[in-house]
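Student: Encoded as structure tokens, here's the structure I'll be asking about.
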Amino acid sequence: MTGLSNDEAGVRSAVDQWIVVLNAMLNGDPKPLAGLYSHARDVTYMGAEGTYRIGWDATYADWSAQAEKSTGGQVDAADVHVVVSGDLAAVQHFSRGHVRQPDGQMNEAKVRESSVFRKENGTWKMIAHHADGVPYWEKAFTES
């Protein structure tokens with residue numbers, strides 16, 4: 001991470017941890033989310049399936065329900081963009097990989113993600129996360 005400020009390096013490390021945590025959730029374990037997320041009442045989560053949760057308790061309950069239904073998968077982050085200003089950081093990236101469906105079939109996963117991190121007691125914690133599926137029209141633009 002040569003040339004990065006300490007804060008940008010810290011946020012990028014938090015994004016790397018996010019991918020570890022997300023993969024744990026995809027494989028049925030939501031507990032690592034508790035270490036990455038802030039536990040504040042202002043935390044928000046907007047899931048790819050259309051949910052909107054406010055507060056740590058509601059956010060963790062949603063992720064836990066997803067973990068219970070998860071049957072396996074592995075994703076990685078691509079095209080990570082980080083902007084840091086003071087104790088807040090905005091991050092956008094794609095998560096790409098494969099997720100096992102309930103019928104056992106592995107399907108390609110392509111998700112756009114935006115997150116906000118806040119520095120709390122010297123550690124970057126996720127305070128907002130939004131995810132949605134990559135629109136079908138992305139293929140039309142990349143193939144022309």
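We label chains A, B, ... in the order they appear in the structure tokens, count residues from 1 in each chain, and number ligands from 1 in the order shown.
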DSSP on the backbone, then: every residue of stretch 19-139 of chain A marked alpha helix (DSSP H), written as a list in words.
Tutor: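 Here are the alpha helix (DSSP H) residues of stretch 19-139 of chain A: Ile19, Val20, Val21, Leu22, Asn23, Ala24, Met25, Leu26, Leu33, Ala34, Gly35, Leu36, Trp56, Asp57, Ala58, Thr59, Tyr60, Ala61, Asp62, Trp63, Ser64, Ala65, Gln66, Ala67, Glu68, Lys69, Trp137, Glu138 and Lys139 of chain A.
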Student: Please report, as number ranges by chain, each residue of chain A to which DSSP assigns strand (DSSP E or B) when run on this structure's backbone.
Tutor: A: 37, 44-46, 52-54, 73-85, 88-100, 106-120, 123-133
Student: Could you check which of A:Ser95, A:Gln74, A:Gln66, A:Ser114 is closest to A:Asp29, using only C-alpha atoms?
Tutor: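 Once distances to A:Asp29 are computed over only C-alpha atoms, the minimum belongs to A:Gln66.
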Student: Near A:Glu120, counting only C-alpha atoms, which residues have an atom at most 10 Å away, once you skip same-chain residues fewer than 5 positions from it, shown as a PyMOL selection string?
Tutor: chain A and resi 38+87-88+125-126
Student: For A:Trp124, work out the shell of residues within 8 Å, counting only C-alpha atoms and skipping chain neighbours fewer than 6 positions away, then give it as a list in words.
Tutor: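 Skipping anything fewer than 6 positions along the chain leaves Gly10, Val11, Ala14, Leu36, Phe117 and Arg118 of chain A.
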Student: Tell me which of A:Gly50, A:Gly122, A:Gly97, A:Gly104 sits closest to A:Gly73, counting only C-alpha atoms.
Tutor: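 Of A:Gly50, A:Gly122, A:Gly97, A:Gly104, the one nearest A:Gly73, counting only C-alpha atoms, is A:Gly97.
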Student: Env of A:Glu8: 10 Å cut, atoms = only C-alpha atoms, seq-sep filter 3 positions within chain, self excluded. Answer as a list in words.
Tutor: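 These residues fall inside the cut-off: Met1, Gly3, Leu4, Ser5, Val11, Arg12, Ser13, Ala14, Val82, Val83, Val84, Ser85 and Ala89 of chain A.
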Student: May I ask for the distance between atom CA of A:Leu22 and atom CA of A:Ala109, given in Å to one decimal place?
Tutor: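 Separating atom CA of A:Leu22 from atom CA of A:Ala109 is a distance of 12.7 Å.
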Student: So that I can check the surroundings of A:Ala48, please list as a count of residues only every protein, DNA and RNA residue that reaches within 10 Å of it, counting only C-alpha atoms and ignoring chain neighbours fewer than 4 positions away.
Tutor: 9
Student: Calculated over only C-alpha atoms, which of the candidates A:His39, A:Lys69, A:His129, A:His81 has the smallest distance to A:Val99?
Tutor: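 Closest to A:Val99 of all the choices is A:Lys69.
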